[in-house]
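Visitor: Next comes protein-v6.tsv, TSV, C-alpha atoms:
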```tsv
chain	number	residue	atom	x	y	z
A	18	MET	CA	-15.24	15.50	37.66
A	19	SER	CA	-12.14	15.39	39.81
A	20	ALA	CA	-11.53	17.77	42.69
A	21	ALA	CA	-10.61	20.49	40.17
A	22	GLY	CA	-13.92	20.16	38.33
A	23	LEU	CA	-15.99	20.11	41.51
A	24	VAL	CA	-14.26	23.19	42.91
A	25	TRP	CA	-14.65	25.05	39.62
A	26	ARG	CA	-18.30	24.05	39.34
A	27	HIS	CA	-19.12	25.73	42.66
A	28	HIS	CA	-16.59	28.58	42.73
A	29	GLY	CA	-15.39	29.18	39.16
A	30	GLU	CA	-17.56	32.18	38.28
A	31	ALA	CA	-16.91	33.83	41.65
A	32	ALA	CA	-13.16	33.34	41.16
A	33	VAL	CA	-13.28	34.86	37.68
A	34	ALA	CA	-15.36	37.80	38.92
A	35	ALA	CA	-12.92	38.46	41.75
A	36	LEU	CA	-9.81	38.24	39.58
A	37	LEU	CA	-11.18	40.23	36.66
A	38	GLY	CA	-12.73	42.80	38.97
A	39	SER	CA	-9.41	43.38	40.71
A	40	SER	CA	-7.79	44.05	37.34
A	41	GLY	CA	-10.46	46.56	36.33
A	42	ALA	CA	-11.86	44.37	33.55
A	43	ASP	CA	-15.50	44.34	32.48
A	44	VAL	CA	-17.23	41.72	34.64
A	45	ALA	CA	-20.14	41.43	32.18
A	46	LEU	CA	-18.24	38.62	30.48
A	47	VAL	CA	-17.61	36.59	33.66
A	48	ALA	CA	-19.92	33.69	32.80
A	49	GLN	CA	-18.42	33.33	29.31
A	50	VAL	CA	-14.86	33.44	30.62
A	51	ALA	CA	-15.63	30.90	33.36
A	52	ALA	CA	-17.29	28.56	30.84
A	53	GLU	CA	-14.31	28.71	28.47
A	54	ILE	CA	-11.82	28.06	31.30
A	55	ASP	CA	-13.98	25.10	32.34
A	56	ARG	CA	-14.07	23.67	28.82
A	57	ASP	CA	-10.44	24.19	27.86
A	58	VAL	CA	-8.59	23.85	31.18
A	59	VAL	CA	-10.57	22.36	34.05
A	60	ARG	CA	-12.15	19.49	32.12
A	61	ARG	CA	-8.75	18.66	30.67
A	62	ILE	CA	-7.38	18.39	34.23
A	63	ASP	CA	-10.32	16.16	35.19
A	64	GLU	CA	-9.66	13.86	32.23
A	65	ILE	CA	-5.98	13.51	33.08
A	66	ASP	CA	-6.80	12.93	36.76
A	67	HIS	CA	-9.21	10.12	35.88
A	68	GLY	CA	-6.88	8.53	33.33
A	69	GLU	CA	-9.26	9.27	30.44
A	70	ASN	CA	-6.61	11.13	28.51
A	71	HIS	CA	-2.84	11.14	28.36
A	72	PRO	CA	-1.00	13.87	30.29
A	73	GLU	CA	0.07	16.92	28.39
A	74	ASP	CA	3.53	17.29	26.94
A	75	THR	CA	6.47	18.70	28.87
A	76	LEU	CA	5.28	22.26	28.23
A	77	GLY	CA	1.74	21.55	29.47
A	78	LEU	CA	0.29	22.76	32.78
A	79	SER	CA	0.21	19.27	34.33
A	80	SER	CA	3.90	18.75	33.63
A	81	VAL	CA	4.83	22.20	34.94
A	82	VAL	CA	2.92	21.54	38.18
A	83	GLU	CA	4.45	18.08	38.51
A	84	ASP	CA	7.91	19.65	38.33
A	85	CYS	CA	7.10	21.45	41.59
A	86	ASN	CA	7.03	18.13	43.48
A	87	LEU	CA	9.93	17.14	45.67
A	88	ARG	CA	12.39	14.82	43.96
A	89	TRP	CA	12.68	11.27	45.33
A	90	ASN	CA	16.36	11.74	46.11
A	91	THR	CA	16.19	15.06	47.93
A	92	PRO	CA	16.97	15.03	51.67
A	93	ALA	CA	13.68	16.87	52.23
A	94	THR	CA	11.56	13.87	51.11
A	95	GLY	CA	9.13	13.01	53.87
A	96	ASP	CA	9.50	16.40	55.57
A	97	GLN	CA	5.95	17.79	55.90
A	98	ALA	CA	7.10	21.41	55.88
A	99	ALA	CA	9.02	20.80	52.64
A	100	GLU	CA	6.00	19.03	51.12
A	101	ASP	CA	3.77	21.97	52.09
A	102	ALA	CA	6.24	24.43	50.58
A	103	ALA	CA	6.27	22.43	47.33
A	104	PHE	CA	2.46	22.48	47.27
A	105	LEU	CA	2.43	26.26	47.72
A	106	ARG	CA	4.91	26.65	44.86
A	107	ALA	CA	2.62	24.59	42.64
A	108	SER	CA	-0.36	26.67	43.76
A	109	GLU	CA	1.46	29.86	42.78
A	110	VAL	CA	2.19	28.41	39.34
A	111	VAL	CA	-1.47	27.51	38.79
A	112	GLU	CA	-2.74	30.82	40.14
A	113	GLY	CA	-0.48	32.73	37.79
A	114	PHE	CA	-1.58	30.57	34.87
A	115	LEU	CA	-5.28	31.02	35.67
A	116	ARG	CA	-4.96	34.78	36.11
A	117	ARG	CA	-3.23	35.19	32.75
A	118	ARG	CA	-5.60	32.79	30.98
A	119	MET	CA	-8.68	34.55	32.39
A	120	GLU	CA	-7.35	37.94	31.30
A	121	ALA	CA	-6.47	36.59	27.84
A	122	VAL	CA	-9.89	34.98	27.35
A	123	HIS	CA	-11.62	38.12	28.59
A	124	ALA	CA	-9.59	40.31	26.22
A	125	ARG	CA	-10.45	38.08	23.27
A	126	LEU	CA	-14.16	38.09	24.08
A	127	ALA	CA	-14.14	41.84	24.70
A	128	ALA	CA	-12.60	42.38	21.27
A	129	MET	CA	-15.57	40.72	19.56
A	130	SER	CA	-17.88	43.77	19.52
A	131	VAL	CA	-14.99	46.13	18.72
A	132	VAL	CA	-13.95	44.07	15.71
A	133	LEU	CA	-17.51	43.73	14.42
A	134	GLU	CA	-18.03	47.49	14.64
A	135	ALA	CA	-14.72	48.08	12.87
A	136	HIS	CA	-15.72	45.72	10.08
A	137	ARG	CA	-19.02	47.55	9.62
A	138	GLY	CA	-17.05	50.78	9.23
A	139	SER	CA	-14.43	49.42	6.84
A	140	ALA	CA	-14.61	50.70	3.27
A	141	ASP	CA	-14.07	47.22	1.82
A	142	PRO	CA	-15.52	44.22	3.73
A	143	ARG	CA	-12.49	42.17	2.69
A	144	ILE	CA	-10.13	44.55	4.54
A	145	MET	CA	-10.62	44.83	8.30
A	146	GLU	CA	-9.47	48.25	9.53
A	147	ILE	CA	-8.85	48.35	13.31
A	148	ASP	CA	-7.22	51.08	15.37
A	149	ARG	CA	-4.89	48.83	17.38
A	150	LYS	CA	-3.57	45.29	17.55
A	151	MET	CA	-6.20	42.99	19.06
A	152	PRO	CA	-7.60	39.45	18.63
A	153	TRP	CA	-9.52	39.92	15.39
A	154	GLN	CA	-9.65	36.49	13.75
A	155	ASP	CA	-12.23	34.81	16.03
A	156	PRO	CA	-15.02	37.28	15.12
A	157	VAL	CA	-14.23	36.72	11.44
A	158	PHE	CA	-14.66	32.97	11.87
A	159	GLU	CA	-17.62	33.30	14.24
A	160	TYR	CA	-19.64	35.53	11.92
A	161	GLY	CA	-18.39	34.28	8.56
A	162	LEU	CA	-16.96	37.65	7.52
A	163	PRO	CA	-15.30	37.82	4.08
A	164	VAL	CA	-12.09	39.30	5.49
A	165	LEU	CA	-8.83	38.69	3.63
A	166	TYR	CA	-6.59	41.15	5.48
A	167	ALA	CA	-6.56	43.13	8.73
A	168	VAL	CA	-4.83	46.50	8.83
A	169	TYR	CA	-3.78	48.09	12.14
A	170	PRO	CA	-1.00	50.22	13.72
A	171	VAL	CA	1.72	48.94	16.07
A	172	ALA	CA	4.05	50.61	18.56
A	173	THR	CA	6.89	50.95	16.02
A	174	GLY	CA	4.77	53.40	14.03
A	175	ASN	CA	4.24	50.94	11.21
A	176	TRP	CA	0.88	49.69	9.99
A	177	MET	CA	0.55	45.94	9.67
A	178	VAL	CA	-1.20	43.93	6.96
A	179	ASP	CA	-2.19	40.54	8.38
A	180	ALA	CA	-3.54	37.84	6.07
A	181	MET	CA	-6.56	35.86	7.27
A	182	PRO	CA	-6.20	32.06	7.61
A	183	PRO	CA	-8.87	29.87	6.00
A	184	GLU	CA	-9.72	28.10	9.28
A	185	ARG	CA	-8.80	28.17	12.95
A	186	GLY	CA	-5.31	26.89	13.64
A	187	SER	CA	-4.25	26.97	10.01
A	188	TYR	CA	-0.89	28.37	8.92
A	189	ALA	CA	-2.25	28.99	5.43
A	190	GLN	CA	-4.01	32.17	4.27
A	191	ARG	CA	-7.20	32.83	2.38
A	192	LEU	CA	-5.13	35.03	0.10
A	193	PRO	CA	-1.39	35.22	0.83
A	194	LEU	CA	0.40	38.45	0.05
A	195	PRO	CA	1.85	38.33	-3.49
A	196	GLU	CA	4.62	35.84	-4.12
A	197	ALA	CA	6.72	38.52	-5.79
A	198	TRP	CA	6.82	40.43	-2.48
A	199	ALA	CA	7.89	37.50	-0.32
A	200	GLY	CA	10.85	38.28	1.95
A	201	LEU	CA	11.45	41.76	0.53
A	202	LEU	CA	12.39	44.81	2.61
A	203	ASP	CA	12.22	48.58	2.12
A	204	ALA	CA	13.50	49.71	-1.32
A	205	ALA	CA	13.25	46.25	-2.85
A	206	LEU	CA	9.65	45.93	-1.71
A	207	VAL	CA	8.81	49.47	-2.82
A	208	GLU	CA	10.06	48.63	-6.30
A	209	ALA	CA	8.21	45.29	-6.44
A	210	SER	CA	4.92	46.54	-5.00
A	211	GLY	CA	4.74	50.13	-6.18
A	212	ILE	CA	3.80	51.19	-2.61
A	213	PRO	CA	6.09	54.14	-1.67
A	214	ASP	CA	6.26	53.43	2.06
A	215	ALA	CA	6.15	49.62	2.06
A	216	VAL	CA	8.45	48.20	4.77
A	217	PHE	CA	8.49	44.41	4.56
A	218	VAL	CA	6.62	41.25	3.66
A	219	HIS	CA	7.41	38.02	5.48
A	220	ARG	CA	8.80	35.31	3.25
A	221	GLU	CA	5.80	33.12	4.16
A	222	ARG	CA	3.51	35.96	2.95
A	223	PHE	CA	1.16	36.00	5.96
A	224	VAL	CA	2.11	39.50	7.15
A	225	GLY	CA	3.56	42.72	5.82
A	226	ALA	CA	3.87	46.35	6.86
A	227	ALA	CA	3.97	49.90	5.60
A	228	ARG	CA	4.83	53.15	7.35
A	229	SER	CA	1.31	54.57	7.07
A	230	ARG	CA	-2.32	53.52	7.16
A	231	ALA	CA	-2.67	54.59	3.52
A	232	GLY	CA	0.34	52.47	2.59
A	233	ALA	CA	-0.97	49.40	4.40
A	234	LEU	CA	-4.37	49.75	2.77
A	235	ALA	CA	-2.70	50.15	-0.61
A	236	MET	CA	-0.72	46.95	0.00
A	237	ALA	CA	-3.91	45.05	0.86
A	238	ARG	CA	-5.77	46.39	-2.17
A	239	ARG	CA	-2.88	45.69	-4.51
A	240	ALA	CA	-2.56	42.16	-3.11
A	241	MET	CA	-6.25	41.57	-3.87
A	242	GLU	CA	-5.82	42.88	-7.40
A	243	ILE	CA	-2.87	40.55	-8.01
A	244	GLY	CA	-4.68	37.59	-6.50
A	245	SER	CA	-8.11	38.33	-7.95
A	246	ALA	CA	-7.90	35.43	-10.39
A	247	THR	CA	-7.83	33.00	-7.47
A	248	LEU	CA	-10.58	34.64	-5.40
A	249	PRO	CA	-14.15	33.28	-5.33
A	250	ARG	CA	-16.53	35.73	-6.92
A	251	GLN	CA	-18.43	37.81	-4.35
A	252	GLU	CA	-22.21	38.08	-4.57
A	253	GLY	CA	-23.21	41.22	-6.40
A	254	ALA	CA	-19.67	41.67	-7.80
```
For the file at hand, write its structure as structure tokens.
Guide:
Amino acid sequence: MSAAGLVWRHHGEAAVAALLGSSGADVALVAQVAAEIDRDVVRRIDEIDHGENHPEDTLGLSSVVEDCNLRWNTPATGDQAAEDAAFLRASEVVEGFLRRRMEAVHARLAAMSVVLEAHRGSADPRIMEIDRKMPWQDPVFEYGLPVLYAVYPVATGNWMVDAMPPERGSYAQRLPLPEAWAGLLDAALVEASGIPDAVFVHRERFVGAARSRAGALAMARRAMEIGSATLPRQEGA
């Protein structure tokens, strides 16, 4: 451990509890959030600090913090007040990052039970019906759910049809939306799909939308019908 790891080891959970509590979040997940921040952020900082791993790229946290340092050719170099001000700027950057990361991790973990309950209530286990946009893929991976699509409403009034990737981090899909729908909008998509209120399908076929829940579900079901020849047979089917 470097200084970051030692500080987090003794104060990490308390910091998470304080920050999440001030935002009104459920503190029941504090230990899980703190452990994930430790694994994905703090240990990475320790590795870089000890030279066990290369620094992150120019968009990484280490590089962003390093950019807060005084430049060698600034007249303020060597001025303690200027050095302190630079340190405080870096501290603000890290605090903002940690606050947002904690809230994001908490939100994802909090979605787990909501998504599982929604899946239990879905008419078809291959179509995840949720009542709002939320992190839904992790529970599918975690519990090995047979989900192919998630259907949910967004602020525009549309209902989205998201295709499930085969593994974490993949840009592929277990079952892409039909090739014949790729890149189509409105009337052209309605004609190709037979769904009266279909809105669009991305040309990469990982997401589409309809103007209603019924339309989005119809798109998902029709996509499964079209792609049924490529699907593994379900037990009991």
Visitor: Please, what distance in Å, to one decimal, runs between atom CA of A:Gly29 and atom CA of A:Gln49?
Guide: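 For atom CA of A:Gly29 relative to atom CA of A:Gln49, the distance reads 11.1 Å.
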Visitor: Figure out the distance between atom CA of A:Asn86 and atom CA of A:Met119, please, to one decimal in Å.
Guide: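 Atom-to-atom, atom CA of A:Met119 to atom CA of A:Asn86, that is 25.3 Å.
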Visitor: Around all the atoms of stretch 168-179 of chain A listed in the file, with 8 Å of room on each side, what axis-aligned box do you get, giving centre and edge lengths in Å to one decimal, as AutoDock Vina command-line options?
Guide:
```
--center_x 1.0 --center_y 47.0 --center_z 12.8 --size_x 27.7 --size_y 28.9 --size_z 27.6
```
Visitor: Restricting the calculation to only C-alpha atoms, which member of A:Leu36, A:Pro183, A:Val132, A:Asn175 is positioned closest to A:Gly113?
Guide: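 Checking each candidate against A:Gly113, we get A:Leu36 as the closest.
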Visitor: Kindly give the distance, in Å, that separates atom CA of A:Ala167 and atom CA of A:Asp148, rounded to a single decimal.
Guide: 10.4 Å
Visitor: Quick one: residues within 9 Å of A:Met151, all atoms listed in the file, excluding same-chain residues fewer than 6 positions away - as a ChimeraX atom specification?
Guide: /A:124-125,128,132,169
Visitor: Residues at most 12 Å from stretch 191-201 of chain A, counting only C-alpha atoms, excluding those fewer than 3 positions away in the same chain, as a PyMOL selection string?
Guide: chain A and resi 143-144+163-167+178-185+187-188+204-212+215-226+233+236-249
Visitor: Restrict the selected residues to C-alpha atoms and save them as an mmCIF file, in the coordinates of the input.
Guide:
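Produced file result_33.cif, reproduced below:
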```
data_model
loop_
_atom_site.group_PDB
_atom_site.id
_atom_site.type_symbol
_atom_site.label_atom_id
_atom_site.label_comp_id
_atom_site.auth_asym_id
_atom_site.auth_seq_id
_atom_site.Cartn_x
_atom_site.Cartn_y
_atom_site.Cartn_z
ATOM 1 C CA ARG A 143 -12.490 42.170 2.690
ATOM 2 C CA ILE A 144 -10.130 44.550 4.540
ATOM 3 C CA PRO A 163 -15.300 37.820 4.080
ATOM 4 C CA VAL A 164 -12.090 39.300 5.490
ATOM 5 C CA LEU A 165 -8.830 38.690 3.630
ATOM 6 C CA TYR A 166 -6.590 41.150 5.480
ATOM 7 C CA ALA A 167 -6.560 43.130 8.730
ATOM 8 C CA VAL A 178 -1.200 43.930 6.960
ATOM 9 C CA ASP A 179 -2.190 40.540 8.380
ATOM 10 C CA ALA A 180 -3.540 37.840 6.070
ATOM 11 C CA MET A 181 -6.560 35.860 7.270
ATOM 12 C CA PRO A 182 -6.200 32.060 7.610
ATOM 13 C CA PRO A 183 -8.870 29.870 6.000
ATOM 14 C CA GLU A 184 -9.720 28.100 9.280
ATOM 15 C CA ARG A 185 -8.800 28.170 12.950
ATOM 16 C CA SER A 187 -4.250 26.970 10.010
ATOM 17 C CA TYR A 188 -0.890 28.370 8.920
ATOM 18 C CA ALA A 204 13.500 49.710 -1.320
ATOM 19 C CA ALA A 205 13.250 46.250 -2.850
ATOM 20 C CA LEU A 206 9.650 45.930 -1.710
ATOM 21 C CA VAL A 207 8.810 49.470 -2.820
ATOM 22 C CA GLU A 208 10.060 48.630 -6.300
ATOM 23 C CA ALA A 209 8.210 45.290 -6.440
ATOM 24 C CA SER A 210 4.920 46.540 -5.000
ATOM 25 C CA GLY A 211 4.740 50.130 -6.180
ATOM 26 C CA ILE A 212 3.800 51.190 -2.610
ATOM 27 C CA ALA A 215 6.150 49.620 2.060
ATOM 28 C CA VAL A 216 8.450 48.200 4.770
ATOM 29 C CA PHE A 217 8.490 44.410 4.560
ATOM 30 C CA VAL A 218 6.620 41.250 3.660
ATOM 31 C CA HIS A 219 7.410 38.020 5.480
ATOM 32 C CA ARG A 220 8.800 35.310 3.250
ATOM 33 C CA GLU A 221 5.800 33.120 4.160
ATOM 34 C CA ARG A 222 3.510 35.960 2.950
ATOM 35 C CA PHE A 223 1.160 36.000 5.960
ATOM 36 C CA VAL A 224 2.110 39.500 7.150
ATOM 37 C CA GLY A 225 3.560 42.720 5.820
ATOM 38 C CA ALA A 226 3.870 46.350 6.860
ATOM 39 C CA ALA A 233 -0.970 49.400 4.400
ATOM 40 C CA MET A 236 -0.720 46.950 0.000
ATOM 41 C CA ALA A 237 -3.910 45.050 0.860
ATOM 42 C CA ARG A 238 -5.770 46.390 -2.170
ATOM 43 C CA ARG A 239 -2.880 45.690 -4.510
ATOM 44 C CA ALA A 240 -2.560 42.160 -3.110
ATOM 45 C CA MET A 241 -6.250 41.570 -3.870
ATOM 46 C CA GLU A 242 -5.820 42.880 -7.400
ATOM 47 C CA ILE A 243 -2.870 40.550 -8.010
ATOM 48 C CA GLY A 244 -4.680 37.590 -6.500
ATOM 49 C CA SER A 245 -8.110 38.330 -7.950
ATOM 50 C CA ALA A 246 -7.900 35.430 -10.390
ATOM 51 C CA THR A 247 -7.830 33.000 -7.470
ATOM 52 C CA LEU A 248 -10.580 34.640 -5.400
ATOM 53 C CA PRO A 249 -14.150 33.280 -5.330
#
```
